[in-house]
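Content type mmCIF, C-alpha atoms and all ligand atoms, from the file query13.cif:
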```
data_model
loop_
_atom_site.label_atom_id
_atom_site.label_comp_id
_atom_site.auth_asym_id
_atom_site.auth_seq_id
_atom_site.Cartn_x
_atom_site.Cartn_y
_atom_site.Cartn_z
CA MET A 185 88.65 36.73 96.57
CA ALA A 186 89.27 35.16 99.97
CA SER A 187 86.09 34.47 101.87
CA PRO A 188 85.00 37.78 103.39
CA MET A 189 84.15 35.86 106.55
CA SER A 190 87.80 35.17 107.37
CA SER A 191 88.61 38.88 107.05
CA TRP A 192 85.74 39.83 109.27
CA THR A 193 86.56 37.27 111.97
CA ALA A 194 90.21 38.31 112.15
CA PHE A 195 89.31 41.75 113.45
CA PHE A 196 87.93 40.38 116.71
CA ASP A 197 91.10 38.35 117.32
CA LEU A 198 93.17 41.55 117.51
CA PRO A 199 94.40 42.62 120.95
CA ILE A 200 91.93 44.83 122.78
CA GLU A 201 94.22 47.91 122.51
CA GLN A 202 94.07 47.63 118.74
CA LYS A 203 90.31 47.19 118.66
CA GLU A 204 89.80 50.17 120.95
CA LYS A 205 91.34 52.42 118.31
CA TYR A 206 88.14 51.86 116.39
CA ALA A 207 85.85 52.52 119.35
CA ASN A 208 82.58 54.25 118.65
CA ASP A 209 81.28 57.01 120.87
CA GLN A 210 77.51 56.85 121.04
CA ALA A 211 77.28 59.89 123.34
CA SER A 212 78.86 62.20 120.77
CA GLY A 213 76.87 60.74 117.88
CA LYS A 214 79.77 58.70 116.46
CA ILE A 215 77.84 55.50 115.95
CA GLN A 216 80.22 53.84 113.50
CA GLY A 217 83.04 51.71 114.87
CA TYR A 218 83.77 49.07 117.49
CA GLY A 219 81.56 48.69 120.53
CA SER A 220 81.14 46.38 123.44
CA LYS A 221 77.91 45.80 125.23
CA LEU A 222 77.52 44.37 128.69
CA ALA A 223 74.35 45.78 130.12
CA ASN A 224 71.01 44.98 131.55
CA ASN A 225 68.35 45.69 128.99
CA ALA A 226 64.92 47.17 129.70
CA SER A 227 63.50 43.81 130.77
CA GLY A 228 66.36 43.20 133.21
CA GLN A 229 68.17 40.58 131.09
CA LEU A 230 71.91 40.77 130.63
CA GLU A 231 73.03 41.54 127.07
CA TRP A 232 76.58 40.55 126.22
CA GLU A 233 78.32 41.04 122.89
CA ASP A 234 80.96 42.98 120.98
CA TYR A 235 80.15 44.50 117.64
CA PHE A 236 81.51 46.57 114.81
CA PHE A 237 79.17 48.85 112.94
CA HIS A 238 79.73 50.83 109.77
CA LEU A 239 78.03 51.92 106.55
CA VAL A 240 79.05 49.86 103.52
CA TYR A 241 76.90 51.25 100.68
CA PRO A 242 76.44 53.51 98.71
CA GLU A 243 80.10 54.14 98.02
CA ASP A 244 79.96 57.93 98.29
CA LYS A 245 78.58 57.75 101.84
CA ARG A 246 81.29 55.40 103.16
CA ASP A 247 83.90 56.56 105.62
CA LEU A 248 86.82 54.24 104.91
CA SER A 249 88.89 55.90 107.63
CA ILE A 250 86.93 54.06 110.29
CA TRP A 251 86.92 50.65 108.58
CA PRO A 252 89.32 48.12 110.10
CA GLN A 253 92.78 48.37 108.47
CA THR A 254 93.62 44.84 109.58
CA PRO A 255 93.33 42.30 108.13
CA ALA A 256 94.68 43.76 104.90
CA ASP A 257 91.85 42.47 102.72
CA TYR A 258 89.03 43.69 104.98
CA ILE A 259 88.15 46.72 102.87
CA GLU A 260 88.27 44.96 99.53
CA ALA A 261 86.32 41.92 100.71
CA THR A 262 83.69 44.02 102.45
CA ALA A 263 83.27 46.41 99.53
CA GLU A 264 82.77 43.51 97.14
CA TYR A 265 80.32 41.81 99.47
CA ALA A 266 78.35 45.05 99.83
CA LYS A 267 78.07 45.38 96.05
CA GLU A 268 76.75 41.83 95.71
CA LEU A 269 74.26 42.38 98.51
CA ARG A 270 73.01 45.60 96.97
CA ALA A 271 72.16 43.69 93.79
CA LEU A 272 70.49 40.96 95.83
CA ALA A 273 68.41 43.57 97.68
CA THR A 274 67.10 44.84 94.32
CA LYS A 275 66.10 41.33 93.30
CA VAL A 276 64.32 40.61 96.57
CA LEU A 277 62.53 43.98 96.54
CA ARG A 278 61.30 43.18 93.02
CA VAL A 279 59.82 39.87 94.10
CA LEU A 280 58.23 41.46 97.17
CA SER A 281 56.71 44.22 94.97
CA LEU A 282 55.20 41.67 92.62
CA GLY A 283 53.84 39.79 95.64
CA LEU A 284 51.85 42.89 96.57
CA GLY A 285 50.57 43.33 93.01
CA LEU A 286 52.84 46.36 92.49
CA GLU A 287 55.05 47.23 89.56
CA GLU A 288 58.41 45.46 90.16
CA GLY A 289 60.54 48.55 90.82
CA ARG A 290 58.13 50.06 93.29
CA LEU A 291 59.43 48.96 96.72
CA GLU A 292 63.01 49.74 95.74
CA LYS A 293 61.91 53.27 94.84
CA GLU A 294 59.89 53.64 98.05
CA VAL A 295 62.90 52.78 100.23
CA GLY A 296 65.21 55.26 98.52
CA GLY A 297 66.54 53.54 95.39
CA LEU A 298 70.22 53.22 94.50
CA GLU A 299 71.15 56.65 95.84
CA GLU A 300 69.44 56.66 99.21
CA LEU A 301 69.02 53.09 100.47
CA LEU A 302 71.79 52.64 103.04
CA LEU A 303 73.50 49.33 103.74
CA GLN A 304 74.82 49.26 107.31
CA MET A 305 76.99 46.39 108.42
CA LYS A 306 76.92 45.17 112.02
CA ILE A 307 79.34 42.41 112.96
CA ASN A 308 78.09 40.71 116.13
CA TYR A 309 80.66 38.85 118.22
CA TYR A 310 79.09 36.76 120.96
CA PRO A 311 81.76 35.73 123.49
CA LEU A 312 81.76 32.39 125.26
CA CYS A 313 79.42 32.63 128.18
CA PRO A 314 79.87 30.17 131.06
CA GLN A 315 76.22 30.45 132.06
CA PRO A 316 74.38 31.08 128.82
CA GLU A 317 70.97 30.78 130.46
CA LEU A 318 71.69 34.00 132.38
CA ALA A 319 72.50 36.16 129.37
CA LEU A 320 71.42 37.01 125.87
CA GLY A 321 73.64 38.30 123.07
CA VAL A 322 70.99 40.49 121.48
CA GLU A 323 67.59 40.84 123.12
CA ALA A 324 64.33 40.08 121.30
CA HIS A 325 63.59 42.74 118.68
CA THR A 326 62.42 43.34 115.15
CA ASP A 327 64.85 45.08 112.78
CA VAL A 328 63.88 48.61 111.74
CA SER A 329 65.43 48.05 108.29
CA ALA A 330 63.63 47.26 105.04
CA LEU A 331 65.59 44.00 104.71
CA THR A 332 68.42 42.44 106.73
CA PHE A 333 70.88 39.91 105.35
CA ILE A 334 72.87 37.71 107.76
CA LEU A 335 75.86 35.42 107.39
CA HIS A 336 77.27 33.64 110.44
CA ASN A 337 80.02 31.23 111.47
CA MET A 338 77.69 28.20 111.59
CA VAL A 339 77.28 28.29 115.36
CA PRO A 340 73.58 28.16 116.21
CA GLY A 341 72.24 31.12 118.19
CA LEU A 342 69.75 33.07 116.10
CA GLN A 343 66.21 32.42 117.28
CA LEU A 344 62.95 33.51 115.70
CA PHE A 345 59.61 33.87 117.42
CA TYR A 346 57.38 31.72 115.27
CA GLU A 347 53.89 30.44 116.04
CA GLY A 348 54.22 31.43 119.68
CA LYS A 349 57.59 29.76 120.34
CA TRP A 350 61.30 30.56 120.06
CA VAL A 351 62.74 28.50 117.21
CA THR A 352 66.50 28.20 116.58
CA ALA A 353 67.42 28.98 112.97
CA LYS A 354 69.04 26.03 111.19
CA CYS A 355 72.64 26.42 110.07
CA VAL A 356 72.52 25.75 106.34
CA PRO A 357 75.93 25.81 104.58
CA ASN A 358 76.31 28.32 101.72
CA SER A 359 73.07 30.07 102.50
CA ILE A 360 72.21 33.58 103.56
CA ILE A 361 69.52 34.52 106.07
CA MET A 362 67.13 37.33 105.22
CA HIS A 363 64.73 39.12 107.54
CA ILE A 364 61.95 41.44 106.52
CA GLY A 365 62.22 44.52 108.70
CA ASP A 366 59.75 47.11 109.99
CA THR A 367 60.12 49.34 106.91
CA ILE A 368 58.67 46.72 104.55
CA GLU A 369 56.06 45.77 107.12
CA ILE A 370 54.89 49.38 107.22
CA LEU A 371 54.92 49.91 103.43
CA SER A 372 52.99 46.66 102.90
CA ASN A 373 50.50 47.54 105.66
CA GLY A 374 51.48 44.42 107.58
CA LYS A 375 51.15 42.00 104.64
CA TYR A 376 54.84 41.22 105.09
CA LYS A 377 55.76 40.76 108.73
CA SER A 378 58.85 42.02 110.50
CA ILE A 379 60.06 38.95 112.37
CA LEU A 380 60.79 39.03 116.11
CA HIS A 381 64.22 37.49 116.77
CA ARG A 382 67.11 37.39 119.25
CA GLY A 383 70.75 36.25 119.44
CA MET A 384 71.78 33.71 122.07
CA VAL A 385 75.21 33.29 123.64
CA ASN A 386 76.85 29.90 123.87
CA LYS A 387 79.00 28.02 126.39
CA GLU A 388 81.28 26.16 123.98
CA LYS A 389 81.69 28.25 120.88
CA VAL A 390 82.08 31.87 119.98
CA ARG A 391 79.34 32.93 117.60
CA ILE A 392 79.87 35.62 114.99
CA SER A 393 77.23 37.00 112.69
CA TRP A 394 77.43 39.62 109.98
CA ALA A 395 74.19 41.49 109.57
CA VAL A 396 73.67 44.03 106.81
CA PHE A 397 70.68 46.29 107.38
CA CYS A 398 69.19 47.85 104.23
CA GLU A 399 67.70 51.07 105.53
CA PRO A 400 65.77 53.98 104.01
CA PRO A 401 67.16 57.50 104.60
CA LYS A 402 66.43 58.86 108.08
CA GLU A 403 64.42 61.97 107.16
CA LYS A 404 63.78 62.16 103.43
CA ILE A 405 61.02 59.59 103.12
CA ILE A 406 57.74 59.36 105.02
CA LEU A 407 57.03 55.68 105.58
CA LYS A 408 53.39 54.69 105.48
CA PRO A 409 51.29 51.89 104.01
CA LEU A 410 51.26 52.21 100.21
CA PRO A 411 47.79 53.17 98.92
CA GLU A 412 47.58 49.89 96.97
CA THR A 413 47.88 47.90 100.21
CA VAL A 414 45.03 49.74 101.89
CA SER A 415 41.29 49.28 101.37
CA GLU A 416 38.06 49.89 103.21
CA THR A 417 38.35 46.52 104.91
CA GLU A 418 42.12 46.88 105.42
CA PRO A 419 42.69 50.38 106.77
CA PRO A 420 46.28 51.55 107.36
CA ILE A 421 47.63 50.01 110.56
CA PHE A 422 50.70 52.27 110.73
CA PRO A 423 50.73 56.06 111.00
CA PRO A 424 53.02 58.05 108.65
CA ARG A 425 56.51 58.44 110.16
CA THR A 426 60.00 59.07 108.86
CA PHE A 427 62.53 56.32 109.55
CA ALA A 428 64.04 58.48 112.32
CA GLU A 429 60.60 58.98 113.87
CA HIS A 430 59.91 55.26 113.68
CA ILE A 431 63.14 54.52 115.60
CA GLN A 432 62.29 57.20 118.17
CA HIS A 433 58.80 55.81 118.58
CA LYS A 434 60.17 52.31 119.17
CA LEU A 435 62.64 53.55 121.78
CA PHE A 436 59.90 55.51 123.49
CA ARG A 437 57.59 52.49 123.58
CA LYS A 438 60.40 50.35 125.00
CA SER A 439 61.13 52.83 127.77
CA GLN A 440 57.40 53.00 128.61
CA GLU A 441 57.24 49.21 128.82
CA ALA A 442 60.31 49.16 131.07
CA LEU A 443 58.63 51.61 133.43
CA LEU A 444 55.51 49.46 133.55
CA ASN A 445 57.58 46.37 134.35
CA LYS A 446 59.27 48.02 137.30
O1 LIG B 501 73.31 37.35 115.45
C1 LIG B 501 72.32 37.24 114.74
O2 LIG B 501 72.15 36.26 114.01
C2 LIG B 501 71.27 38.32 114.73
C3 LIG B 501 71.73 39.66 115.26
C4 LIG B 501 70.64 40.66 115.18
O3 LIG B 501 69.48 40.32 115.22
C5 LIG B 501 70.93 42.10 115.01
O4 LIG B 501 72.10 42.49 115.15
O5 LIG B 501 69.97 42.86 114.73
FE FE B 502 68.17 41.88 114.39
#
```
Starting from the file, lay out its structure as structure tokens.
Amino acid sequence: MASPMSSWTAFFDLPIEQKEKYANDQASGKIQGYGSKLANNASGQLEWEDYFFHLVYPEDKRDLSIWPQTPADYIEATAEYAKELRALATKVLRVLSLGLGLEEGRLEKEVGGLEELLLQMKINYYPLCPQPELALGVEAHTDVSALTFILHNMVPGLQLFYEGKWVTAKCVPNSIIMHIGDTIEILSNGKYKSILHRGMVNKEKVRISWAVFCEPPKEKIILKPLPETVSETEPPIFPPRTFAEHIQHKLFRKSQEALLNK
């Protein structure tokens, strides 16, 4: 198989009229597709990026009609990549379960298992920005997912908030980046931390990253600290919420903070 990265990059090189055919429409609930973001976020910073978002796994929940038709190998490369990542997610969830003293299949089951865990791909395209200090590609956030896997085109730009400072992630050839997201933080009662991170724009080089978010179903599962991670001295630090409620709560908190900052 050709590198999936070359298929994914080619999409953004298409003329704008072609890309617009894939446009999403957030207002009408059509969240899959191509989008462009140039907006001031809640803290007044400019966010600037293009992206393409669509579900890649499980197979029966895919909508191939909205996947890019060009380049010709996009679908095949992406489908194969999704399958590999799904197997990797199982392996990582096993290790994380054992780390909490749980039976190895436990976290996978708690996030929905093979049928319900959704893999959502977001391709981030950070354009060249003449004054990078004035803009951000993606503002500081933690991912709501259970796990996120990221490949990128070896242009630095991902930063993590670590020990009180922003640290730029190293570009390591033939590696994949993995974040723990809020879902695992909640299930583990904070023993695994959802990392705060952001995406920077760059003056010289376009940066592209391919993030796959492994997410539990929106309504079917109530996320809360697993009983084994809770004790008298370590009470639950997260209230029970569905994934959809968790997202809502985060948005609400963000809007409250924005009001306070005004
Ligand atoms: O571009 C990156 O490396 C990270 C993007 C990101 O954090 C996101 O899309 O959630
Ligand atoms: Fe992220």
Within-8 Å shell of (69.2, 52.9, 107.3) in input frame, all atoms listed in the file, as a count of residues only: 12
Site check for ligand LIG 501 (chain B): residues at most 10 Å away, all atoms listed in the file, as number ranges by chain: A: 233, 235, 237, 305-310, 321-329, 332-337, 339-344, 353, 361, 363, 365, 379-385, 391-397
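The two atoms in question, atom CA of Asp234 of chain A and atom CA of Ala266 of chain A, are spaced 21.4 Å apart.
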Straight-line distance linking atom CA of Glu292 of chain A with atom CA of Val276 of chain A, stated in Å to one decimal: 9.3 Å
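Candidate residues A:Met189, A:Ala194, A:Leu280, A:Ala273 were compared for distance to Glu369 of chain A, and the nearest is A:Leu280, using only C-alpha atoms.
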What box, with edges along x, y and z, holds each listed atom of segment 283-299 of chain A when 3 Å is added on every side, and can you state its centre and edge lengths in Å to one decimal, as AutoDock Vina command-line options?
```
--center_x 60.9 --center_y 48.2 --center_z 94.9 --size_x 26.6 --size_y 22.9 --size_z 16.7
```
Closest of A:Thr262, A:Thr426, A:Asn358, A:Thr352 to Ser190 of chain A - atom-to-atom distances counting only C-alpha atoms: A:Thr262
Atomic separation - atom CA of Glu300 of chain A relative to atom CA of Glu418 of chain A, Å: 29.7 Å
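All protein and nucleic acid residues in the vicinity of (59.2, 53.8, 104.5), that is within 10 Å when counting only C-alpha atoms, are Leu291, Glu294, Val295, Gly296, Ser329, Ala330, Asp366, Thr367, Ile368, Glu369, Ile370, Leu371, Ser372, Glu399, Pro400, Pro401, Lys402, Lys404, Ile405, Ile406, Leu407, Lys408, Pro409, Leu410, Pro424, Arg425, Thr426, Phe427 and His430 of chain A.
Shortest separation to ligand FE 502 (chain B) among A:Val414, A:Ala319, A:Leu331, A:Leu277 occurs at residue A:Leu331, atoms counted being all atoms listed in the file.
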Residue among A:Lys354, A:Ala442, A:Thr274, A:Ile364 lying closest to ligand FE 502 (chain B), counting only C-alpha atoms and all ligand atoms: A:Ile364
As a PDB file, in the frame of the given file, could you write out segment 267-288 of chain A once it has been completed with N, CA and C atoms?
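Done, and the output landed in result_22.pdb:
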```pdb
ATOM      1  N   LYS A 267      78.565  45.209  97.423  1.00  0.00           N
ATOM      2  CA  LYS A 267      78.070  45.380  96.050  1.00  0.00           C
ATOM      3  C   LYS A 267      77.153  44.213  95.658  1.00  0.00           C
ATOM      4  N   GLU A 268      77.574  43.016  96.015  1.00  0.00           N
ATOM      5  CA  GLU A 268      76.750  41.830  95.710  1.00  0.00           C
ATOM      6  C   GLU A 268      75.406  41.901  96.453  1.00  0.00           C
ATOM      7  N   LEU A 269      75.489  42.314  97.721  1.00  0.00           N
ATOM      8  CA  LEU A 269      74.260  42.380  98.510  1.00  0.00           C
ATOM      9  C   LEU A 269      73.300  43.428  97.984  1.00  0.00           C
ATOM     10  N   ARG A 270      73.876  44.528  97.487  1.00  0.00           N
ATOM     11  CA  ARG A 270      73.010  45.600  96.970  1.00  0.00           C
ATOM     12  C   ARG A 270      72.197  45.081  95.775  1.00  0.00           C
ATOM     13  N   ALA A 271      72.857  44.267  94.940  1.00  0.00           N
ATOM     14  CA  ALA A 271      72.160  43.690  93.790  1.00  0.00           C
ATOM     15  C   ALA A 271      71.107  42.686  94.255  1.00  0.00           C
ATOM     16  N   LEU A 272      71.448  41.937  95.291  1.00  0.00           N
ATOM     17  CA  LEU A 272      70.490  40.960  95.830  1.00  0.00           C
ATOM     18  C   LEU A 272      69.271  41.682  96.416  1.00  0.00           C
ATOM     19  N   ALA A 273      69.521  42.802  97.089  1.00  0.00           N
ATOM     20  CA  ALA A 273      68.410  43.570  97.680  1.00  0.00           C
ATOM     21  C   ALA A 273      67.432  43.996  96.576  1.00  0.00           C
ATOM     22  N   THR A 274      67.962  44.443  95.449  1.00  0.00           N
ATOM     23  CA  THR A 274      67.100  44.840  94.320  1.00  0.00           C
ATOM     24  C   THR A 274      66.230  43.667  93.881  1.00  0.00           C
ATOM     25  N   LYS A 275      66.854  42.507  93.754  1.00  0.00           N
ATOM     26  CA  LYS A 275      66.100  41.330  93.300  1.00  0.00           C
ATOM     27  C   LYS A 275      64.982  40.986  94.279  1.00  0.00           C
ATOM     28  N   VAL A 276      65.322  40.984  95.569  1.00  0.00           N
ATOM     29  CA  VAL A 276      64.320  40.610  96.570  1.00  0.00           C
ATOM     30  C   VAL A 276      63.199  41.647  96.607  1.00  0.00           C
ATOM     31  N   LEU A 277      63.563  42.936  96.503  1.00  0.00           N
ATOM     32  CA  LEU A 277      62.530  43.980  96.540  1.00  0.00           C
ATOM     33  C   LEU A 277      61.592  43.849  95.332  1.00  0.00           C
ATOM     34  N   ARG A 278      62.143  43.412  94.206  1.00  0.00           N
ATOM     35  CA  ARG A 278      61.300  43.180  93.020  1.00  0.00           C
ATOM     36  C   ARG A 278      60.262  42.107  93.284  1.00  0.00           C
ATOM     37  N   VAL A 279      60.739  40.993  93.833  1.00  0.00           N
ATOM     38  CA  VAL A 279      59.820  39.870  94.100  1.00  0.00           C
ATOM     39  C   VAL A 279      58.754  40.300  95.111  1.00  0.00           C
ATOM     40  N   LEU A 280      59.187  41.029  96.148  1.00  0.00           N
ATOM     41  CA  LEU A 280      58.230  41.460  97.170  1.00  0.00           C
ATOM     42  C   LEU A 280      57.213  42.449  96.585  1.00  0.00           C
ATOM     43  N   SER A 281      57.641  43.283  95.631  1.00  0.00           N
ATOM     44  CA  SER A 281      56.710  44.220  94.970  1.00  0.00           C
ATOM     45  C   SER A 281      55.664  43.437  94.202  1.00  0.00           C
ATOM     46  N   LEU A 282      56.133  42.474  93.421  1.00  0.00           N
ATOM     47  CA  LEU A 282      55.200  41.670  92.620  1.00  0.00           C
ATOM     48  C   LEU A 282      54.208  40.948  93.533  1.00  0.00           C
ATOM     49  N   GLY A 283      54.698  40.489  94.678  1.00  0.00           N
ATOM     50  CA  GLY A 283      53.840  39.790  95.640  1.00  0.00           C
ATOM     51  C   GLY A 283      52.704  40.658  96.169  1.00  0.00           C
ATOM     52  N   LEU A 284      52.904  41.970  96.108  1.00  0.00           N
ATOM     53  CA  LEU A 284      51.850  42.890  96.570  1.00  0.00           C
ATOM     54  C   LEU A 284      51.007  43.391  95.399  1.00  0.00           C
ATOM     55  N   GLY A 285      51.293  42.873  94.203  1.00  0.00           N
ATOM     56  CA  GLY A 285      50.570  43.330  93.010  1.00  0.00           C
ATOM     57  C   GLY A 285      51.067  44.679  92.522  1.00  0.00           C
ATOM     58  N   LEU A 286      52.281  45.071  92.906  1.00  0.00           N
ATOM     59  CA  LEU A 286      52.840  46.360  92.490  1.00  0.00           C
ATOM     60  C   LEU A 286      53.762  46.161  91.298  1.00  0.00           C
ATOM     61  N   GLU A 287      54.067  47.253  90.639  1.00  0.00           N
ATOM     62  CA  GLU A 287      55.050  47.230  89.560  1.00  0.00           C
ATOM     63  C   GLU A 287      56.404  46.849  90.192  1.00  0.00           C
ATOM     64  N   GLU A 288      57.266  46.108  89.489  1.00  0.00           N
ATOM     65  CA  GLU A 288      58.410  45.460  90.160  1.00  0.00           C
ATOM     66  C   GLU A 288      59.436  46.420  90.789  1.00  0.00           C
TER      67      GLU A 288
END
```
